[in-house]
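**Q** Just so it is clear, I am handing over entry.tsv, which has TSV, C-alpha atoms.
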```
chain	number	residue	atom	x	y	z
B	1	LEU	CA	-9.12	-20.16	0.69
B	2	SER	CA	-5.76	-21.62	-0.23
B	3	MET	CA	-3.87	-18.76	1.41
B	4	ALA	CA	-4.81	-19.73	4.98
B	5	ASN	CA	-1.87	-19.16	7.35
B	6	PRO	CA	0.65	-18.61	4.56
B	7	GLU	CA	4.34	-18.82	5.31
B	8	PRO	CA	5.87	-15.32	5.18
B	9	ARG	CA	7.28	-14.75	1.73
B	10	PHE	CA	9.76	-12.16	2.93
B	11	SER	CA	12.21	-12.23	5.83
B	12	ALA	CA	12.44	-9.56	8.50
B	13	SER	CA	15.58	-8.23	6.82
B	14	ASP	CA	13.76	-8.10	3.46
B	15	MET	CA	10.99	-6.02	5.01
B	16	GLU	CA	13.48	-3.71	6.74
B	17	PHE	CA	15.27	-3.21	3.42
B	18	LEU	CA	11.99	-2.33	1.68
B	19	HIS	CA	11.05	0.05	4.48
B	20	ARG	CA	14.39	1.81	4.11
B	21	LEU	CA	13.80	2.19	0.37
B	22	ALA	CA	10.35	3.66	1.00
B	23	CYS	CA	11.72	6.13	3.55
B	24	LEU	CA	14.45	7.26	1.19
B	25	ALA	CA	11.86	7.71	-1.58
B	26	VAL	CA	9.56	9.83	0.60
B	27	ARG	CA	12.45	12.04	1.64
B	28	LYS	CA	13.74	12.35	-1.94
B	29	ALA	CA	10.25	13.22	-3.22
B	30	VAL	CA	9.82	16.01	-0.67
B	31	LEU	CA	13.27	17.43	-1.44
B	32	ASP	CA	12.80	17.08	-5.22
B	33	PRO	CA	9.08	17.26	-6.15
B	34	ASP	CA	9.92	17.08	-9.87
B	35	LEU	CA	10.61	13.39	-9.25
B	36	LEU	CA	6.87	12.72	-9.49
B	37	GLN	CA	6.78	13.77	-13.16
B	38	GLN	CA	9.91	11.74	-13.92
B	39	LEU	CA	8.61	8.38	-12.68
B	40	ASP	CA	7.26	7.16	-16.03
B	41	SER	CA	10.50	7.97	-17.86
B	42	LEU	CA	12.86	6.22	-15.44
B	43	THR	CA	13.83	2.55	-15.73
B	44	ASP	CA	13.85	0.43	-12.58
B	45	GLU	CA	17.64	0.75	-12.40
B	46	MET	CA	17.56	4.53	-12.90
B	47	LEU	CA	14.83	5.00	-10.28
B	48	LEU	CA	16.70	2.90	-7.73
B	49	ARG	CA	19.95	4.72	-8.41
B	50	LYS	CA	18.38	8.19	-8.30
B	51	ILE	CA	16.61	7.63	-4.98
B	52	THR	CA	18.95	5.33	-3.07
B	53	GLY	CA	22.32	5.33	-4.84
B	54	LEU	CA	22.11	1.53	-5.06
B	55	HIS	CA	22.46	-0.75	-8.08
B	56	LEU	CA	20.09	-3.61	-8.85
B	57	HIS	CA	22.69	-6.22	-7.88
B	58	GLU	CA	22.63	-4.75	-4.35
B	59	VAL	CA	18.92	-5.53	-3.95
B	60	PRO	CA	18.02	-8.97	-2.50
B	61	PRO	CA	16.87	-11.10	-5.47
B	62	ILE	CA	13.43	-11.84	-3.99
B	63	LEU	CA	12.70	-8.10	-3.95
B	64	LEU	CA	13.24	-7.96	-7.72
B	65	GLU	CA	10.23	-10.25	-8.20
B	66	PRO	CA	6.81	-8.77	-9.04
B	67	ALA	CA	4.39	-8.14	-6.18
B	68	GLY	CA	1.59	-5.79	-5.21
B	69	GLY	CA	1.87	-3.50	-2.24
B	70	PHE	CA	1.17	-0.15	-0.62
B	71	VAL	CA	3.07	2.61	1.13
B	72	THR	CA	1.22	4.41	3.92
B	73	ILE	CA	2.45	7.67	5.44
B	74	LYS	CA	1.02	8.76	8.78
B	75	THR	CA	1.79	11.39	11.37
B	76	THR	CA	3.22	10.12	14.65
B	77	THR	CA	-0.22	10.79	16.17
B	78	GLY	CA	-1.78	8.32	13.73
B	79	SER	CA	-3.41	10.60	11.16
B	80	LEU	CA	-3.21	9.39	7.56
B	81	ARG	CA	-1.00	11.60	5.39
B	82	GLY	CA	-0.85	9.61	2.16
B	83	CYS	CA	-1.33	6.10	0.81
B	84	LYS	CA	-0.58	4.76	-2.67
B	85	GLY	CA	0.19	1.39	-4.14
B	86	ALA	CA	-0.67	-1.30	-6.65
B	87	ILE	CA	-2.81	-4.41	-6.33
B	88	ALA	CA	-1.49	-6.28	-9.34
B	89	ALA	CA	1.95	-7.87	-9.33
B	90	THR	CA	3.08	-6.23	-12.57
B	91	ALA	CA	6.32	-4.52	-11.48
B	92	PRO	CA	9.33	-5.57	-9.39
B	93	LEU	CA	8.47	-5.15	-5.72
B	94	HIS	CA	11.31	-2.76	-4.89
B	95	SER	CA	10.46	-0.52	-7.84
B	96	MET	CA	6.71	-0.56	-7.15
B	97	LEU	CA	7.30	0.52	-3.55
B	98	LEU	CA	9.70	3.30	-4.55
B	99	THR	CA	7.09	4.64	-6.98
B	100	SER	CA	4.29	4.25	-4.42
B	101	ALA	CA	6.31	6.08	-1.77
B	102	VAL	CA	6.87	9.05	-4.07
B	103	LYS	CA	3.18	9.13	-4.98
B	104	SER	CA	2.11	8.78	-1.34
B	105	ALA	CA	4.17	11.83	-0.44
B	106	LEU	CA	3.20	14.01	-3.39
B	107	ASP	CA	0.20	12.65	-5.27
B	108	ASP	CA	-2.51	11.48	-2.85
B	109	LYS	CA	-5.27	13.87	-3.92
B	110	ARG	CA	-6.89	13.71	-0.48
B	111	PHE	CA	-3.97	15.62	1.02
B	112	ALA	CA	-1.55	18.43	0.27
B	113	PRO	CA	1.95	17.24	-0.65
B	114	VAL	CA	4.15	16.36	2.32
B	115	ARG	CA	6.34	19.29	3.36
B	116	LEU	CA	9.97	19.21	4.46
B	117	GLU	CA	9.16	20.42	7.96
B	118	GLU	CA	6.81	17.44	8.48
B	119	LEU	CA	9.37	14.69	7.86
B	120	GLU	CA	10.56	14.24	11.44
B	121	ALA	CA	7.00	13.63	12.64
B	122	LEU	CA	5.99	10.96	10.12
B	123	THR	CA	5.92	7.18	10.04
B	124	VAL	CA	6.11	5.07	6.89
B	125	GLY	CA	4.40	1.71	6.59
B	126	ILE	CA	4.86	-0.81	3.80
B	127	SER	CA	2.38	-3.58	3.05
B	128	VAL	CA	3.23	-6.36	0.60
B	129	LEU	CA	0.18	-8.17	-0.74
B	130	THR	CA	-0.50	-11.81	-1.41
B	131	GLU	CA	-2.23	-12.50	-4.72
B	132	PRO	CA	-5.92	-11.49	-4.31
B	133	SER	CA	-8.37	-14.40	-4.22
B	134	ALA	CA	-12.06	-14.21	-5.13
B	135	ILE	CA	-14.59	-15.14	-2.45
B	136	GLY	CA	-18.11	-16.31	-3.13
B	137	HIS	CA	-19.86	-14.28	-0.44
B	138	TRP	CA	-19.01	-11.20	1.58
B	139	LYS	CA	-19.41	-13.20	4.80
B	140	GLU	CA	-16.14	-14.98	3.93
B	141	TYR	CA	-14.28	-11.70	4.45
B	142	GLU	CA	-12.49	-11.85	7.82
B	143	VAL	CA	-11.97	-8.46	9.44
B	144	GLY	CA	-8.39	-7.92	10.59
B	145	ARG	CA	-7.01	-10.86	8.63
B	146	HIS	CA	-8.01	-9.94	5.11
B	147	GLY	CA	-7.59	-6.89	2.98
B	148	VAL	CA	-10.66	-6.58	0.77
B	149	ILE	CA	-11.37	-5.33	-2.73
B	150	LEU	CA	-14.95	-4.48	-3.70
B	151	THR	CA	-15.83	-4.28	-7.39
B	152	LYS	CA	-19.21	-3.37	-8.90
B	153	GLY	CA	-19.20	-2.56	-12.60
B	154	SER	CA	-16.49	0.06	-13.12
B	155	ASN	CA	-16.46	1.03	-9.43
B	156	ARG	CA	-13.70	-0.40	-7.27
B	157	ALA	CA	-12.17	0.26	-3.86
B	158	LEU	CA	-9.76	-1.41	-1.45
B	159	PHE	CA	-9.10	-1.46	2.27
B	160	LEU	CA	-5.91	-2.86	3.78
B	161	PRO	CA	-6.45	-5.33	6.66
B	162	GLU	CA	-5.70	-2.79	9.41
B	163	VAL	CA	-8.26	-0.19	8.31
B	164	PRO	CA	-11.35	-1.63	10.07
B	165	ILE	CA	-9.30	-2.47	13.17
B	166	GLU	CA	-7.98	1.08	13.46
B	167	HIS	CA	-11.50	2.48	13.17
B	168	GLY	CA	-13.26	-0.15	15.29
B	169	MET	CA	-15.55	-1.24	12.45
B	170	THR	CA	-17.50	-4.47	12.07
B	171	ARG	CA	-17.52	-6.36	8.79
B	172	GLU	CA	-20.78	-4.72	7.72
B	173	GLN	CA	-19.56	-1.25	8.67
B	174	THR	CA	-16.31	-1.88	6.79
B	175	LEU	CA	-18.15	-2.88	3.64
B	176	SER	CA	-20.45	0.13	3.91
B	177	GLN	CA	-17.45	2.46	4.07
B	178	LEU	CA	-15.79	0.55	1.24
B	179	ALA	CA	-18.89	1.01	-0.92
B	180	LEU	CA	-18.78	4.75	-0.26
B	181	LYS	CA	-15.08	4.82	-1.12
B	182	ALA	CA	-15.94	3.12	-4.42
B	183	GLY	CA	-18.46	5.85	-5.22
B	184	LEU	CA	-21.50	3.69	-4.51
B	185	GLU	CA	-24.45	3.92	-2.15
B	186	MET	CA	-23.63	2.88	1.40
B	187	ASP	CA	-25.67	-0.35	1.18
B	188	ALA	CA	-24.59	-1.27	-2.37
B	189	TRP	CA	-22.19	-3.89	-0.99
B	190	ARG	CA	-25.11	-6.20	-0.16
B	191	ARG	CA	-25.92	-7.08	-3.78
B	192	GLY	CA	-24.20	-7.45	-7.10
B	193	CYS	CA	-20.64	-6.88	-5.87
B	194	LYS	CA	-17.55	-8.97	-6.49
B	195	TYR	CA	-15.12	-9.43	-3.62
B	196	ASP	CA	-11.46	-10.36	-3.56
B	197	VAL	CA	-9.42	-10.73	-0.39
B	198	PHE	CA	-5.70	-10.77	0.29
B	199	GLU	CA	-3.27	-10.82	3.19
B	200	THR	CA	-0.25	-8.63	3.82
B	201	GLN	CA	3.19	-8.58	5.32
B	202	LYS	CA	3.76	-5.25	7.04
B	203	PHE	CA	6.59	-3.15	8.37
B	204	THR	CA	6.10	0.28	9.92
B	205	GLY	CA	8.66	2.63	11.39
B	206	ALA	CA	9.69	6.24	11.79
B	207	LEU	CA	10.66	8.02	8.59
B	208	CYS	CA	13.81	9.51	10.07
B	209	ALA	CA	14.99	6.47	12.04
```
Mind turning the file's structure into structure tokens?

**A**
Amino acid sequence: LSMANPEPRFSASDMEFLHRLACLAVRKAVLDPDLLQQLDSLTDEMLLRKITGLHLHEVPPILLEPAGGFVTIKTTTGSLRGCKGAIAATAPLHSMLLTSAVKSALDDKRFAPVRLEELEALTVGISVLTEPSAIGHWKEYEVGRHGVILTKGSNRALFLPEVPIEHGMTREQTLSQLALKAGLEMDAWRRGCKYDVFETQKFTGALCA
């Protein structure tokens, strides 16, 4: 794969800036749940201004470039509370993460919307994705290094790189759980599936820091 040991695209200060945006978006979403319905009608500039009070010229230029990524909300004890994002680099990174943070807080159907009284006991993680690359065989997927996307027909699911590590899963166990997540039989990953892998830059911290 051409992405072996890639140089970090974003600096530590870039990642801290993005994390701050995500935290502000989670807090704003909880305080103003109507924001979820407004996302599609807001321009990037309007969304940034509404959530953070910033203007586009105050955002580091590299964060205005398109990129895929995810926002993950967890409790301080490590339980998942919401996770949303985008694989494709079709929107400016800062805007995609603002939108994903709002959706993580209010629109992850696995969980009830985040409540105000929860905020002080939550962490927010941001993951910025490299461009996914196709692999020829599932054995090329490296647990802990790669995020992985499984596709079979119209069924598709994704795990970020940390998921199997957090759950102590082997490659085969990871792919079995990924197949289930995609709505397939547990052993469907062994045949007829397409795999793409990616790497991430991550930043995680307390919501109320």

**Q** Do a neighbour search on stretch 110-114 of chain B at 10 Å with only C-alpha atoms, toss out local chain neighbours closer than 3 positions, and write the hits as a VMD selection string.

**A** chain B and resid 26 to 27 29 to 31 33 73 80 to 83 103 to 107 117 to 119 122

**Q** Figure out the distance between atom CA of B:Asn155 and atom CA of B:Gly192, please, to one decimal in Å.

**A**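 Atom CA of B:Asn155 lies 11.7 Å from atom CA of B:Gly192.
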
**Q** Separation of atom CA of B:Gln201 and atom CA of B:Pro8, in Å?

**A** 7.3 Å

**Q** So which residues touch B:Ala121 within 8 Å, counting only C-alpha atoms, skipping near sequence neighbours fewer than 4 positions away, as a list in words?

**A**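 Within the cut-off, the hits are Thr75, Thr76, Ala206 and Leu207 of chain B.
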
**Q** Work out how far apart atom CA of B:Glu166 and atom CA of B:Thr99 are and give it in Å to one decimal.

**A**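 Atom-to-atom, atom CA of B:Glu166 to atom CA of B:Thr99, that is 25.6 Å.
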
**Q** Where's the centre, and what are the edge lengths in Å to one decimal, of a box along x, y and z enclosing all listed atoms of stretch 6-20 of chain B padded 4 Å per side, as lines of an AutoDock Vina configuration file?

**A**
```
center_x = 8.1
center_y = -8.5
center_z = 5.1
size_x = 22.9
size_y = 28.6
size_z = 14.8
```

**Q** Please determine, counting only C-alpha atoms, which residue among B:Ala157, B:Leu175, B:Ile149, B:Leu42 has the shortest atom-to-atom distance to B:Ile135.

**A** B:Ile149

**Q** Applying 8 Å and only C-alpha atoms, which residues near B:Leu160 remain after dropping the ones on its own chain fewer than 5 positions away? List them as a list of chain:residue names.

**A**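 Returned residues: B:His146, B:Gly147, B:Val148.
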
**Q** Looking at B:Glu65, B:Phe70, B:Lys28, B:Lys202, which one is nearest to B:Lys50, with distances taken over only C-alpha atoms?

**A** B:Lys28

**Q** Residues near B:Val71, anyone? I mean within 10 Å using all atoms listed in the file, not counting same-chain ones fewer than 5 positions away, as a list in words.

**A**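 My list of contacting residues is His19, Ala22, Cys23, Val26, Gly82, Cys83, Lys84, Gly85, Ala86, Met96, Leu97, Leu98, Thr99, Ser100, Ala101, Val102, Lys103, Ser104, Ala105, Val124, Gly125, Ile126, Ser127, Val128, Lys202, Phe203 and Thr204 of chain B.
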
**Q** Find the residue from B:His137, B:Arg20, B:His94, B:Lys194 that sits nearest to B:Ser154; use only C-alpha atoms when measuring.

**A**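 Smallest separation from B:Ser154 among the options: B:Lys194.
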
**Q** Name the residues within 6 Å of (1.6, -6.6, -9.1), counting all atoms listed in the file in the file's coordinates, and put them as a list in words.

**A**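 Collected hits near the coordinates: Pro66, Ala67, Gly68, Ile87, Ala88, Ala89, Thr90 and Ala91 of chain B.
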
**Q** Just save stretch 15-43 of chain B with N, CA and C atoms, as a PDB file, in the first residue's frame.

**A**
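Produced file part_23.pdb, reproduced below:
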```
ATOM      1  N   MET B  15      -5.067  19.561  14.991  1.00  0.00           N
ATOM      2  CA  MET B  15      -5.935  18.564  15.605  1.00  0.00           C
ATOM      3  C   MET B  15      -6.615  19.120  16.856  1.00  0.00           C
ATOM      4  N   GLU B  16      -5.884  19.920  17.627  1.00  0.00           N
ATOM      5  CA  GLU B  16      -6.487  20.553  18.795  1.00  0.00           C
ATOM      6  C   GLU B  16      -7.593  21.523  18.384  1.00  0.00           C
ATOM      7  N   PHE B  17      -7.377  22.243  17.304  1.00  0.00           N
ATOM      8  CA  PHE B  17      -8.383  23.174  16.795  1.00  0.00           C
ATOM      9  C   PHE B  17      -9.645  22.409  16.382  1.00  0.00           C
ATOM     10  N   LEU B  18      -9.461  21.309  15.656  1.00  0.00           N
ATOM     11  CA  LEU B  18     -10.603  20.503  15.224  1.00  0.00           C
ATOM     12  C   LEU B  18     -11.342  19.903  16.422  1.00  0.00           C
ATOM     13  N   HIS B  19     -10.582  19.467  17.425  1.00  0.00           N
ATOM     14  CA  HIS B  19     -11.214  18.909  18.614  1.00  0.00           C
ATOM     15  C   HIS B  19     -12.066  19.961  19.316  1.00  0.00           C
ATOM     16  N   ARG B  20     -11.537  21.179  19.378  1.00  0.00           N
ATOM     17  CA  ARG B  20     -12.299  22.262  20.005  1.00  0.00           C
ATOM     18  C   ARG B  20     -13.589  22.528  19.237  1.00  0.00           C
ATOM     19  N   LEU B  21     -13.520  22.519  17.910  1.00  0.00           N
ATOM     20  CA  LEU B  21     -14.734  22.699  17.109  1.00  0.00           C
ATOM     21  C   LEU B  21     -15.751  21.611  17.406  1.00  0.00           C
ATOM     22  N   ALA B  22     -15.282  20.359  17.464  1.00  0.00           N
ATOM     23  CA  ALA B  22     -16.194  19.242  17.722  1.00  0.00           C
ATOM     24  C   ALA B  22     -16.840  19.367  19.092  1.00  0.00           C
ATOM     25  N   CYS B  23     -16.055  19.770  20.093  1.00  0.00           N
ATOM     26  CA  CYS B  23     -16.618  19.937  21.441  1.00  0.00           C
ATOM     27  C   CYS B  23     -17.682  21.035  21.473  1.00  0.00           C
ATOM     28  N   LEU B  24     -17.395  22.145  20.817  1.00  0.00           N
ATOM     29  CA  LEU B  24     -18.370  23.234  20.758  1.00  0.00           C
ATOM     30  C   LEU B  24     -19.654  22.779  20.054  1.00  0.00           C
ATOM     31  N   ALA B  25     -19.503  21.949  19.003  1.00  0.00           N
ATOM     32  CA  ALA B  25     -20.669  21.480  18.261  1.00  0.00           C
ATOM     33  C   ALA B  25     -21.523  20.528  19.095  1.00  0.00           C
ATOM     34  N   VAL B  26     -20.873  19.641  19.846  1.00  0.00           N
ATOM     35  CA  VAL B  26     -21.633  18.734  20.721  1.00  0.00           C
ATOM     36  C   VAL B  26     -22.412  19.538  21.759  1.00  0.00           C
ATOM     37  N   ARG B  27     -21.736  20.477  22.381  1.00  0.00           N
ATOM     38  CA  ARG B  27     -22.401  21.298  23.405  1.00  0.00           C
ATOM     39  C   ARG B  27     -23.563  22.099  22.803  1.00  0.00           C
ATOM     40  N   LYS B  28     -23.330  22.710  21.642  1.00  0.00           N
ATOM     41  CA  LYS B  28     -24.375  23.498  20.984  1.00  0.00           C
ATOM     42  C   LYS B  28     -25.561  22.617  20.615  1.00  0.00           C
ATOM     43  N   ALA B  29     -25.290  21.404  20.124  1.00  0.00           N
ATOM     44  CA  ALA B  29     -26.371  20.496  19.731  1.00  0.00           C
ATOM     45  C   ALA B  29     -27.247  20.121  20.918  1.00  0.00           C
ATOM     46  N   VAL B  30     -26.612  19.867  22.062  1.00  0.00           N
ATOM     47  CA  VAL B  30     -27.371  19.475  23.254  1.00  0.00           C
ATOM     48  C   VAL B  30     -28.207  20.648  23.764  1.00  0.00           C
ATOM     49  N   LEU B  31     -27.654  21.847  23.696  1.00  0.00           N
ATOM     50  CA  LEU B  31     -28.375  23.031  24.157  1.00  0.00           C
ATOM     51  C   LEU B  31     -29.459  23.465  23.176  1.00  0.00           C
ATOM     52  N   ASP B  32     -29.272  23.155  21.882  1.00  0.00           N
ATOM     53  CA  ASP B  32     -30.201  23.584  20.838  1.00  0.00           C
ATOM     54  C   ASP B  32     -30.447  22.434  19.861  1.00  0.00           C
ATOM     55  N   PRO B  33     -31.271  21.432  20.257  1.00  0.00           N
ATOM     56  CA  PRO B  33     -31.484  20.247  19.430  1.00  0.00           C
ATOM     57  C   PRO B  33     -32.046  20.543  18.042  1.00  0.00           C
ATOM     58  N   ASP B  34     -32.678  21.696  17.856  1.00  0.00           N
ATOM     59  CA  ASP B  34     -33.197  22.049  16.531  1.00  0.00           C
ATOM     60  C   ASP B  34     -32.070  22.201  15.509  1.00  0.00           C
ATOM     61  N   LEU B  35     -30.841  22.321  15.976  1.00  0.00           N
ATOM     62  CA  LEU B  35     -29.698  22.460  15.076  1.00  0.00           C
ATOM     63  C   LEU B  35     -29.593  21.278  14.122  1.00  0.00           C
ATOM     64  N   LEU B  36     -29.991  20.105  14.582  1.00  0.00           N
ATOM     65  CA  LEU B  36     -29.910  18.908  13.734  1.00  0.00           C
ATOM     66  C   LEU B  36     -30.711  19.081  12.448  1.00  0.00           C
ATOM     67  N   GLN B  37     -31.918  19.633  12.563  1.00  0.00           N
ATOM     68  CA  GLN B  37     -32.768  19.823  11.379  1.00  0.00           C
ATOM     69  C   GLN B  37     -32.285  20.973  10.502  1.00  0.00           C
ATOM     70  N   GLN B  38     -31.439  21.833  11.030  1.00  0.00           N
ATOM     71  CA  GLN B  38     -30.974  22.993  10.276  1.00  0.00           C
ATOM     72  C   GLN B  38     -29.711  22.715   9.463  1.00  0.00           C
ATOM     73  N   LEU B  39     -29.058  21.575   9.693  1.00  0.00           N
ATOM     74  CA  LEU B  39     -27.753  21.326   9.092  1.00  0.00           C
ATOM     75  C   LEU B  39     -27.755  21.464   7.576  1.00  0.00           C
ATOM     76  N   ASP B  40     -28.759  20.891   6.916  1.00  0.00           N
ATOM     77  CA  ASP B  40     -28.778  20.892   5.450  1.00  0.00           C
ATOM     78  C   ASP B  40     -29.013  22.281   4.863  1.00  0.00           C
ATOM     79  N   SER B  41     -29.558  23.191   5.654  1.00  0.00           N
ATOM     80  CA  SER B  41     -29.885  24.520   5.121  1.00  0.00           C
ATOM     81  C   SER B  41     -28.809  25.563   5.425  1.00  0.00           C
ATOM     82  N   LEU B  42     -27.785  25.170   6.174  1.00  0.00           N
ATOM     83  CA  LEU B  42     -26.740  26.109   6.552  1.00  0.00           C
ATOM     84  C   LEU B  42     -25.517  25.967   5.648  1.00  0.00           C
ATOM     85  N   THR B  43     -24.970  27.077   5.184  1.00  0.00           N
ATOM     86  CA  THR B  43     -23.707  27.034   4.450  1.00  0.00           C
ATOM     87  C   THR B  43     -22.577  26.751   5.442  1.00  0.00           C
TER      88      THR B  43
END
```
